[in-house]
Structures are given as C-alpha cells and as structure tokens.
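Visitor: Please find structure.cif (mmCIF, C-alpha atoms) on the next line:
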data_work
loop_
_atom_site.label_atom_id
_atom_site.label_comp_id
_atom_site.auth_asym_id
_atom_site.auth_seq_id
_atom_site.Cartn_x
_atom_site.Cartn_y
_atom_site.Cartn_z
CA MET A 26 177.92 38.05 63.02
CA THR A 27 181.64 38.88 62.96
CA ALA A 28 182.33 42.18 61.24
CA PRO A 29 184.12 41.48 57.94
CA VAL A 30 187.55 42.88 57.11
CA LEU A 31 187.05 45.13 54.08
CA PRO A 32 189.88 46.33 51.81
CA GLY A 33 190.21 50.11 51.95
CA TRP A 34 188.14 50.42 55.13
CA THR A 35 188.85 50.38 58.88
CA GLN A 36 186.08 49.49 61.32
CA THR A 37 185.52 52.21 63.92
CA TYR A 38 182.28 51.18 65.60
CA ALA A 39 180.10 48.16 66.25
CA GLY A 40 176.58 48.86 67.47
CA LYS A 41 173.66 46.59 68.25
CA VAL A 42 172.98 46.18 64.54
CA ARG A 43 175.34 48.37 62.50
CA ASN A 44 179.08 48.41 61.94
CA LEU A 45 180.77 51.61 60.77
CA TYR A 46 183.97 51.90 58.74
CA VAL A 47 186.08 54.83 57.53
CA PRO A 48 188.54 54.86 54.61
CA ASP A 49 191.98 53.70 55.74
CA SER A 50 195.42 54.90 54.69
CA THR A 51 195.96 52.24 52.03
CA PRO A 52 195.79 53.15 48.32
CA ALA A 53 192.29 51.67 48.23
CA GLY A 54 191.20 53.84 51.14
CA GLU A 55 192.80 56.93 49.63
CA GLU A 56 190.92 56.28 46.39
CA ILE A 57 187.63 56.09 48.32
CA THR A 58 188.36 59.43 49.97
CA GLU A 59 189.37 60.99 46.67
CA LEU A 60 186.16 59.82 44.99
CA HIS A 61 183.67 60.53 47.75
CA GLY A 62 185.23 62.96 50.25
CA GLU A 63 184.54 62.62 53.95
CA VAL A 64 182.52 59.43 54.07
CA MET A 65 181.89 56.30 56.08
CA LEU A 66 180.63 52.83 55.21
CA VAL A 67 177.46 51.86 57.08
CA VAL A 68 176.97 48.09 57.22
CA ALA A 69 173.75 46.57 58.59
CA SER A 70 174.34 43.18 60.18
CA ASP A 71 171.74 40.48 60.75
CA ARG A 72 171.93 41.02 64.51
CA ILE A 73 168.69 41.68 66.36
CA SER A 74 168.30 43.35 69.72
CA ALA A 75 165.48 43.55 72.24
CA TYR A 76 165.25 44.94 75.74
CA ASP A 77 168.82 46.29 75.41
CA HIS A 78 170.30 42.87 74.65
CA VAL A 79 171.78 41.68 71.39
CA LEU A 80 170.18 38.29 70.81
CA SER A 81 171.34 35.10 69.20
CA PRO A 82 171.12 33.71 66.68
CA ALA A 83 170.89 36.48 64.09
CA ILE A 84 167.96 36.83 61.69
CA PRO A 85 169.10 35.80 58.18
CA ASP A 86 168.91 38.60 55.58
CA LYS A 87 167.73 41.18 58.13
CA GLY A 88 170.63 43.54 57.34
CA THR A 89 169.80 43.44 53.65
CA VAL A 90 166.15 44.25 54.37
CA LEU A 91 167.11 47.22 56.55
CA THR A 92 169.53 48.63 53.98
CA GLN A 93 167.40 48.10 50.89
CA LEU A 94 164.24 49.41 52.54
CA SER A 95 166.11 52.48 53.81
CA LEU A 96 167.42 53.16 50.30
CA TRP A 97 163.89 52.84 48.90
CA TRP A 98 162.59 55.32 51.45
CA PHE A 99 165.45 57.77 50.90
CA ALA A 100 164.39 57.83 47.23
CA GLN A 101 160.73 58.47 48.12
CA LEU A 102 161.73 61.31 50.46
CA ALA A 103 164.10 63.01 48.03
CA GLY A 104 161.89 66.08 47.75
CA THR A 105 161.22 66.25 51.48
CA VAL A 106 164.65 66.13 53.14
CA ALA A 107 168.31 65.71 52.20
CA ASP A 108 169.89 62.35 53.07
CA HIS A 109 173.40 61.09 53.65
CA VAL A 110 173.66 58.42 50.95
CA VAL A 111 176.60 58.88 48.56
CA SER A 112 176.95 55.49 46.86
CA THR A 113 175.78 51.89 46.98
CA ILE A 114 178.93 50.61 45.26
CA VAL A 115 180.42 48.79 48.23
CA PRO A 116 182.79 45.85 48.85
CA ASP A 117 181.45 42.51 47.62
CA ASP A 118 181.42 41.03 51.13
CA VAL A 119 178.76 43.54 52.22
CA ASP A 120 176.97 44.08 48.93
CA GLY A 121 173.28 44.73 49.47
CA ARG A 122 173.61 45.45 53.18
CA ALA A 123 175.86 48.53 53.09
CA MET A 124 175.98 52.08 51.77
CA ILE A 125 178.63 54.78 51.58
CA CYS A 126 177.39 57.85 53.39
CA ARG A 127 178.49 61.40 54.13
CA ARG A 128 180.03 61.87 57.54
CA LEU A 129 177.77 64.13 59.56
CA GLU A 130 177.83 65.93 62.86
CA MET A 131 174.93 64.09 64.46
CA PHE A 132 172.40 65.77 66.73
CA PRO A 133 172.12 64.21 70.22
CA VAL A 134 168.38 63.66 69.81
CA GLU A 135 166.24 60.79 68.55
CA CYS A 136 163.48 62.41 66.50
CA VAL A 137 160.26 60.45 66.99
CA ALA A 138 156.93 61.03 65.29
CA ARG A 139 153.82 59.31 66.61
CA GLY A 140 150.50 59.08 64.86
CA TYR A 141 149.17 56.37 67.19
CA LEU A 142 149.55 55.80 70.91
CA THR A 143 151.55 52.74 71.93
CA GLY A 144 154.87 51.66 73.42
CA SER A 145 156.70 54.10 75.69
CA GLY A 146 154.27 56.85 74.66
CA LEU A 147 151.36 54.82 76.01
CA ALA A 148 153.20 54.15 79.27
CA GLU A 149 153.93 57.85 79.69
CA TYR A 150 150.32 58.74 78.89
CA HIS A 151 149.04 56.32 81.52
CA HIS A 152 151.32 57.98 84.08
CA SER A 153 150.72 61.64 83.25
CA GLY A 154 148.08 62.03 80.56
CA ALA A 155 150.76 63.44 78.29
CA VAL A 156 153.64 62.32 76.06
CA THR A 157 156.86 64.37 76.31
CA GLY A 158 154.84 67.20 77.81
CA ILE A 159 152.16 67.13 75.09
CA ALA A 160 148.78 66.73 76.82
CA LEU A 161 146.44 64.24 75.18
CA ALA A 162 142.72 63.66 75.52
CA PRO A 163 141.55 61.30 78.27
CA GLY A 164 140.38 57.80 77.48
CA LEU A 165 142.97 56.83 74.87
CA VAL A 166 144.03 53.19 74.72
CA ASP A 167 146.76 51.10 73.16
CA GLY A 168 146.58 51.69 69.41
CA SER A 169 144.46 54.86 69.53
CA ARG A 170 144.94 57.14 66.55
CA LEU A 171 145.99 60.64 67.60
CA PRO A 172 144.13 63.68 66.20
CA GLU A 173 147.38 64.69 64.50
CA PRO A 174 150.93 63.34 64.57
CA ILE A 175 153.10 64.57 67.42
CA PHE A 176 156.85 65.05 67.78
CA THR A 177 158.14 63.20 70.85
CA PRO A 178 161.95 63.42 70.99
CA ALA A 179 164.25 61.27 73.07
CA THR A 180 167.84 61.38 74.20
CA LYS A 181 170.27 58.96 72.57
CA ALA A 182 171.30 56.31 75.07
CA GLU A 183 174.64 54.58 75.29
CA LEU A 184 174.82 50.97 74.12
CA GLY A 185 172.90 48.82 76.60
CA ALA A 186 170.79 51.67 77.99
CA HIS A 187 167.30 52.98 77.23
CA ASP A 188 166.56 56.12 75.23
CA GLN A 189 164.70 58.59 77.45
CA ASN A 190 161.76 60.62 76.19
CA ILE A 191 162.27 64.37 76.62
CA THR A 192 160.17 67.49 76.13
CA PHE A 193 160.51 69.88 73.23
CA ASP A 194 161.93 72.48 75.65
CA ALA A 195 164.67 70.00 76.58
CA THR A 196 165.38 69.54 72.88
CA VAL A 197 165.77 73.30 72.53
CA GLU A 198 168.32 73.23 75.34
CA LEU A 199 170.28 70.50 73.54
CA VAL A 200 170.34 71.88 69.99
CA GLY A 201 169.02 75.45 70.12
CA PRO A 202 165.58 76.82 69.22
CA GLU A 203 166.04 77.17 65.45
CA THR A 204 167.40 73.65 65.03
CA ALA A 205 164.80 72.14 67.38
CA HIS A 206 161.94 73.68 65.39
CA ARG A 207 163.47 72.50 62.12
CA LEU A 208 163.96 68.95 63.43
CA ARG A 209 160.33 68.83 64.55
CA GLU A 210 159.15 70.15 61.18
CA LEU A 211 161.25 67.68 59.18
CA THR A 212 160.31 64.72 61.38
CA LEU A 213 156.60 65.38 60.99
CA ASP A 214 157.00 66.03 57.25
CA VAL A 215 158.72 62.66 56.84
CA TYR A 216 156.07 60.92 58.92
CA ARG A 217 153.17 62.42 56.96
CA ARG A 218 154.77 61.55 53.63
CA ALA A 219 155.53 57.99 54.74
CA GLU A 220 152.12 57.49 56.35
CA ALA A 221 150.41 58.40 53.09
CA ILE A 222 152.55 55.88 51.19
CA THR A 223 152.03 53.05 53.67
CA ALA A 224 148.28 53.72 53.83
CA GLU A 225 148.08 53.07 50.09
CA ARG A 226 149.64 49.67 50.79
CA GLY A 227 147.24 48.66 53.55
CA LEU A 228 149.65 49.45 56.38
CA ILE A 229 149.49 51.78 59.36
CA LEU A 230 152.69 53.62 60.27
CA ALA A 231 152.12 53.96 64.01
CA ASP A 232 155.37 55.75 64.79
CA THR A 233 158.92 56.14 63.58
CA LYS A 234 162.31 57.20 64.89
CA LEU A 235 164.65 59.32 62.77
CA GLU A 236 168.19 60.62 63.16
CA PHE A 237 169.56 63.81 61.68
CA GLY A 238 172.96 65.48 61.43
CA LEU A 239 174.69 68.47 59.85
CA ASP A 240 176.70 68.03 56.67
CA ALA A 241 179.77 70.05 55.69
CA ASP A 242 177.50 72.86 54.44
CA ASP A 243 175.51 72.93 57.70
CA GLN A 244 172.47 71.40 56.00
CA ILE A 245 170.25 69.25 58.23
CA THR A 246 170.46 65.77 56.74
CA LEU A 247 168.53 62.54 57.36
CA ALA A 248 170.89 59.74 58.36
CA ASP A 249 171.24 56.14 59.49
CA GLU A 250 168.23 53.94 58.63
CA VAL A 251 164.79 55.27 57.82
CA LEU A 252 161.31 53.76 58.12
CA THR A 253 162.45 50.17 58.65
CA PRO A 254 160.95 47.52 60.96
CA ASP A 255 163.76 48.31 63.41
CA SER A 256 162.95 52.02 63.63
CA SER A 257 159.20 52.05 63.02
CA ARG A 258 155.99 50.26 63.92
CA PHE A 259 154.02 48.98 60.92
CA TRP A 260 150.58 47.48 61.54
CA PRO A 261 148.24 45.82 59.04
CA ALA A 262 145.39 48.29 58.59
CA ASP A 263 142.73 45.59 58.27
CA ALA A 264 143.63 44.20 61.70
CA TRP A 265 143.80 47.52 63.58
CA SER A 266 141.77 47.29 66.77
CA PRO A 267 142.46 49.89 69.50
CA GLY A 268 142.53 48.65 73.06
CA LYS A 269 144.99 45.82 72.64
CA THR A 270 148.45 45.10 71.28
CA GLN A 271 148.35 45.37 67.50
CA PRO A 272 149.80 42.73 65.20
CA SER A 273 153.05 44.15 63.89
CA PHE A 274 155.71 43.74 61.24
CA ASP A 275 158.54 44.85 63.52
CA LYS A 276 160.52 42.83 66.06
CA GLN A 277 157.58 42.75 68.48
CA TYR A 278 157.29 39.04 67.69
CA VAL A 279 160.71 38.52 69.27
CA ARG A 280 159.83 40.68 72.27
CA ASP A 281 156.60 38.76 72.79
CA TRP A 282 158.43 35.42 72.79
CA LEU A 283 161.07 36.70 75.21
CA THR A 284 158.44 37.81 77.70
CA SER A 285 156.32 34.68 77.33
CA PRO A 286 156.56 31.69 79.72
CA ALA A 287 158.00 29.68 76.81
CA SER A 288 161.31 31.57 76.94
CA GLY A 289 161.85 31.01 80.67
CA TRP A 290 163.47 34.46 80.86
CA SER A 291 162.60 37.46 83.02
CA ARG A 292 163.41 41.04 82.06
CA THR A 293 164.15 41.75 85.71
CA SER A 294 166.86 39.09 85.96
CA ASP A 295 170.56 39.63 85.38
CA ALA A 296 170.72 36.62 83.10
CA PRO A 297 171.06 37.18 79.36
CA PRO A 298 168.11 36.19 77.18
CA PRO A 299 168.09 32.60 75.91
CA PRO A 300 168.82 31.76 72.26
CA LEU A 301 165.90 32.32 69.93
CA PRO A 302 164.29 29.05 68.78
CA ASP A 303 164.28 28.24 65.09
CA HIS A 304 160.59 29.00 64.63
CA VAL A 305 160.98 32.50 66.12
CA VAL A 306 163.96 33.21 63.86
CA ALA A 307 162.07 31.97 60.78
CA ARG A 308 158.87 33.86 61.61
CA THR A 309 160.78 37.07 62.31
CA ARG A 310 162.65 36.79 59.01
CA ASP A 311 159.34 36.26 57.22
CA ARG A 312 157.92 39.44 58.78
CA TYR A 313 160.89 41.55 57.71
CA LEU A 314 160.65 40.24 54.15
CA GLU A 315 156.88 40.70 54.08
CA VAL A 316 156.98 44.34 55.15
CA TYR A 317 159.62 44.99 52.48
CA ARG A 318 157.34 43.43 49.84
CA ARG A 319 154.24 45.25 51.03
CA ILE A 320 155.90 48.66 51.14
CA THR A 321 158.00 48.53 47.97
CA GLY A 322 155.85 46.17 45.90
CA ASN A 323 158.99 44.18 45.04
CA GLU A 324 160.61 40.94 46.06
CA LEU A 325 164.00 41.38 47.68
CA ASP A 326 166.83 40.00 45.56
CA LEU A 327 168.69 37.75 47.99
#
Any chance you could give the structure as structure tokens?

Guide:
Amino acid sequence: MTAPVLPGWTQTYAGKVRNLYVPDSTPAGEEITELHGEVMLVVASDRISAYDHVLSPAIPDKGTVLTQLSLWWFAQLAGTVADHVVSTIVPDDVDGRAMICRRLEMFPVECVARGYLTGSGLAEYHHSGAVTGIALAPGLVDGSRLPEPIFTPATKAELGAHDQNITFDATVELVGPETAHRLRELTLDVYRRAEAITAERGLILADTKLEFGLDADDQITLADEVLTPDSSRFWPADAWSPGKTQPSFDKQYVRDWLTSPASGWSRTSDAPPPPLPDHVVARTRDRYLEVYRRITGNELDL
C-alpha cells in the first residue's frame, strides 16, 4: 500500500505495517499543532509481515482492525495505564485506520508478558530451561500455561532484523532500575487485565508485546498498538491442547503457509517469499475480523 499524501501532515517513517506523520508547516499543519501540541499521526496500513519480510498482497481491512481494536483496548485499560491517544479525528483518506497521538520518548525495550509457553520463549526454554533468565519447571511443552505470567523483555530490532530476548538485568542497564521495575509492573498489569477480559470471551491471551515511552511530563505511557493480532497471540480456549501448535487468531496462518511445501519457499534462502494466494489472504482477513468481533462483541464498521 502506498502511503497517502495527507494535507497538514508530512510522512516521516514507513515501517513494516505503520506509517508515521508529523504536522507540516502549512496552515493546516500549524492548526494541528495549535490544537493538539506535539503530536504525530499513526496510520496502520494493510501490510502484513512474517519472518522479517513484508509480504504481498496486503490483507484488506487489516489496518482498520489493528487501529480500532487498539482504541477499544486503550479504553478498557484507562484505569491501568496512561496511553498516547489524543484524537481519532483524522484525514478522510485514513479514517478508521489512524489516530493522532502524543509524541513520546520511546524506551528501547519491547515489553513482553507471557502467560503460556510458545514461540521464541519455548525455543529458549528448550535450550536453557529458562526464558530471559527466568528458570521454569521441567517438562513444559508448547502451549503450557505458566504458574504466573512472566515479563520477558526484548531489544527493539531494526527493520528487517529479529528482536532479541534479554534478561531483566539487561533491561535495567538500558533504562535504569526504577524504570525497568515500573515497565515490568505495568506490562504484567496490562496482561492480567486483558487476560481476564479475553477469558470471558472464550479466548486465551497467550502472550503480548507492549511499547512504552515518556510523555512531556515524564509519565510512562502506553504507545503504538495494544493487544492486537499483530502484537499478541489469541487462542480459542475450547481448542487449547498443550503439546502442539495451538490454533490462533494471529498471523500464524500466514507463517504456516509460508513454511509449508505449498509455498515452495525456504526461510533459509535469500529469495523473497512468494505472493500470498487468494485463499490465504481471505482466511487471514477473516481471522482478524473474527478476533475483533470476539473481543469487542461488535461488528467492525467497514
């Protein structure tokens, strides 16, 4: 998806999924600054990435799902943590998939909470019996529920590279002890609150990745997206069966197709992934819309 040109805004960044804009020097941009202060426009595209590649084609309406679900979660978490949302009155070309947000000084840490063992945490556990230095009981398998949620931070990777899991001590070195403890506390608070909500809706929140920054008053603030299929693993509770890969409402469906013989692609090759077939695009879109419905109880207005 080509990033749209938006009156009053200048694009400053294009990530795997999101495009960022700041107010420009035109009268429209000056009015935005006057109304909202130091802000940026966060636009979620329909792009989808896997294994550090941006794939084609895009998934229709994915950006709207990510934005609207994030806004729903920010509202649910209002008593738990401050967030960066200022306004949802955005240019018509990005209506529904964008929000005006406070500009923050972001922490160089991905804040991950895990209530279940899977993904990179499972791989690390198989290697060392621990996840980011946190020792776990022997005998756990893919999908095992942990006795209590754990905070497993990671470094933020450059575009095209992997995030790397780090210990809490390494987090202290990056942000200082007081901030590290507060990030851990907030991350686990958000996870517990969200897990309780999703459990009521027949879903398991296996893990989630959060990002925080400091606002102008040095308040730690939740930013970017929150508790979406791109940043979290949601499993249907009635299908949970430890010891195997769990059915999921995230982009695991795309990953599974890419690594299947049907794609003809190898992760170890230098070749880019092939285009996604129509049925994979359609099924992935359905999963994003379904998790929105199941969590919020509403149909998305598209």

Visitor: Taking the file as shown, what set of residues would the PyMOL selection byres ((chain A and resi 251) around 8) give back, as a PDB file with C-alpha atoms, keeping the file's coordinate frame?

Guide:
ATOM      1  CA  LEU A  94     164.240  49.410  52.540  1.00  0.00           C
ATOM      2  CA  SER A  95     166.110  52.480  53.810  1.00  0.00           C
ATOM      3  CA  TRP A  98     162.590  55.320  51.450  1.00  0.00           C
ATOM      4  CA  PHE A  99     165.450  57.770  50.900  1.00  0.00           C
ATOM      5  CA  LYS A 234     162.310  57.200  64.890  1.00  0.00           C
ATOM      6  CA  LEU A 235     164.650  59.320  62.770  1.00  0.00           C
ATOM      7  CA  ALA A 248     170.890  59.740  58.360  1.00  0.00           C
ATOM      8  CA  ASP A 249     171.240  56.140  59.490  1.00  0.00           C
ATOM      9  CA  GLU A 250     168.230  53.940  58.630  1.00  0.00           C
ATOM     10  CA  LEU A 252     161.310  53.760  58.120  1.00  0.00           C
ATOM     11  CA  THR A 253     162.450  50.170  58.650  1.00  0.00           C
ATOM     12  CA  SER A 256     162.950  52.020  63.630  1.00  0.00           C
TER      13      SER A 256
END

Visitor: Using all atoms listed in the file, list the residues that have an atom at most 12 Å from (160.9, 73.6, 75.3), coordinates as in the file, as a PyMOL selection string.

Guide: chain A and resi 157-159+177-178+191-203+205-206+209

Visitor: For the file shown, what are the residues hit by the PyMOL selection byres ((chain A and resi 291-304) around 10), laid out as a list in words?

Guide: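 Expected selection for the PyMOL selection byres ((chain A and resi 291-304) around 10) here is Ala75, Tyr76, His78, Val79, Leu80, Ser81, Pro82, Ala83, Ile84, Val279, Trp282, Leu283, Thr284, Ser285, Pro286, Ser288, Gly289, Trp290, Val305, Val306, Ala307, Arg308, Thr309 and Arg310 of chain A.
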
Visitor: Kindly save the residues from that selection, with C-alpha atoms included, as a compact mmCIF listing (two decimals), keeping the file's coordinate frame.

Guide:
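Contents of the output file result.txt:
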# COMPACT_ATOMS: atom_id res chain seq x y z
CA ALA A 75 165.48 43.55 72.24
CA TYR A 76 165.25 44.94 75.74
CA HIS A 78 170.30 42.87 74.65
CA VAL A 79 171.78 41.68 71.39
CA LEU A 80 170.18 38.29 70.81
CA SER A 81 171.34 35.10 69.20
CA PRO A 82 171.12 33.71 66.68
CA ALA A 83 170.89 36.48 64.09
CA ILE A 84 167.96 36.83 61.69
CA VAL A 279 160.71 38.52 69.27
CA TRP A 282 158.43 35.42 72.79
CA LEU A 283 161.07 36.70 75.21
CA THR A 284 158.44 37.81 77.70
CA SER A 285 156.32 34.68 77.33
CA PRO A 286 156.56 31.69 79.72
CA SER A 288 161.31 31.57 76.94
CA GLY A 289 161.85 31.01 80.67
CA TRP A 290 163.47 34.46 80.86
CA VAL A 305 160.98 32.50 66.12
CA VAL A 306 163.96 33.21 63.86
CA ALA A 307 162.07 31.97 60.78
CA ARG A 308 158.87 33.86 61.61
CA THR A 309 160.78 37.07 62.31
CA ARG A 310 162.65 36.79 59.01

Visitor: Apply the PyMOL selection byres ((chain A and resi 316) around 12) to the structure shown and report the selected residues as a PyMOL selection string.

Guide: chain A and resi 87+90-91+93-94+223+226-230+252-255+257-261+273-276+309-315+317-325

Visitor: Near region 127-139 of chain A, counting all atoms listed in the file, which residues have an atom at most 6 Å away, once you skip same-chain residues fewer than 2 positions from it, shown as a PyMOL selection string?

Guide: chain A and resi 63-64+109+141+174-181+232-236+238-240

Visitor: Between CA of Ser169 (chain A) and CA of Gln271 (chain A), what distance in Å does the model show, to one decimal?

Guide: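 So the answer is 10.5 Å.
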
Visitor: Using Å and a single decimal, report how far CA of Val106 (chain A) sits from CA of Ala219 (chain A).

Guide: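 A separation of 12.3 Å between them.
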
Visitor: Excluding Val119 (chain A) and its own-chain neighbours fewer than 2 positions away, which residues fall within 10 Å of it when counting all atoms listed in the file? Please give them as a ChimeraX atom specification.

Guide: /A:28-29,31,66-70,88-89,114-117,121-124

Visitor: Could you state the separation of CA of Val166 (chain A) and CA of Ser153 (chain A) in Å, given to one decimal place?

Guide: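 Taking CA of Val166 (chain A) and CA of Ser153 (chain A), their separation equals 13.7 Å.
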
Visitor: If you count only C-alpha atoms, which residues fall within 8 Å of Thr37 (chain A), apart from same-chain ones fewer than 2 positions away, as a compact mmCIF listing (two decimals) with C-alpha atoms, in the coordinates of the input?

Guide:
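Written output follows (around-v7.txt):
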# COMPACT_ATOMS: atom_id res chain seq x y z
CA THR A 35 188.85 50.38 58.88
CA ALA A 39 180.10 48.16 66.25
CA ASN A 44 179.08 48.41 61.94
CA LEU A 45 180.77 51.61 60.77
CA TYR A 46 183.97 51.90 58.74
CA VAL A 47 186.08 54.83 57.53

Visitor: Rank A:Arg280, A:Trp97, A:Arg72, A:Pro163 by their smallest atom-to-atom distance to Pro85 (chain A), using all atoms listed in the file, and report the top residue only.

Guide: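 Among A:Arg280, A:Trp97, A:Arg72, A:Pro163, it is A:Arg72 that comes nearest to Pro85 (chain A).
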
Visitor: Nearest residue to Ala148 (chain A) out of A:Glu220, A:Glu173, A:Asp77, A:Asp167, using all atoms listed in the file?

Guide: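 The answer is A:Asp167, which sits nearest to Ala148 (chain A).
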
Visitor: What's the 9 Å shell around Trp34 (chain A), counting all atoms listed in the file, without same-chain residues fewer than 4 positions away, as a list in words?

Guide: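 With the cut-off at 9 Å, the set is Val30, Tyr46, Val47, Pro48, Asp49, Ser50, Thr51, Ala53, Gly54, Ile57, Met65 and Leu66 of chain A.
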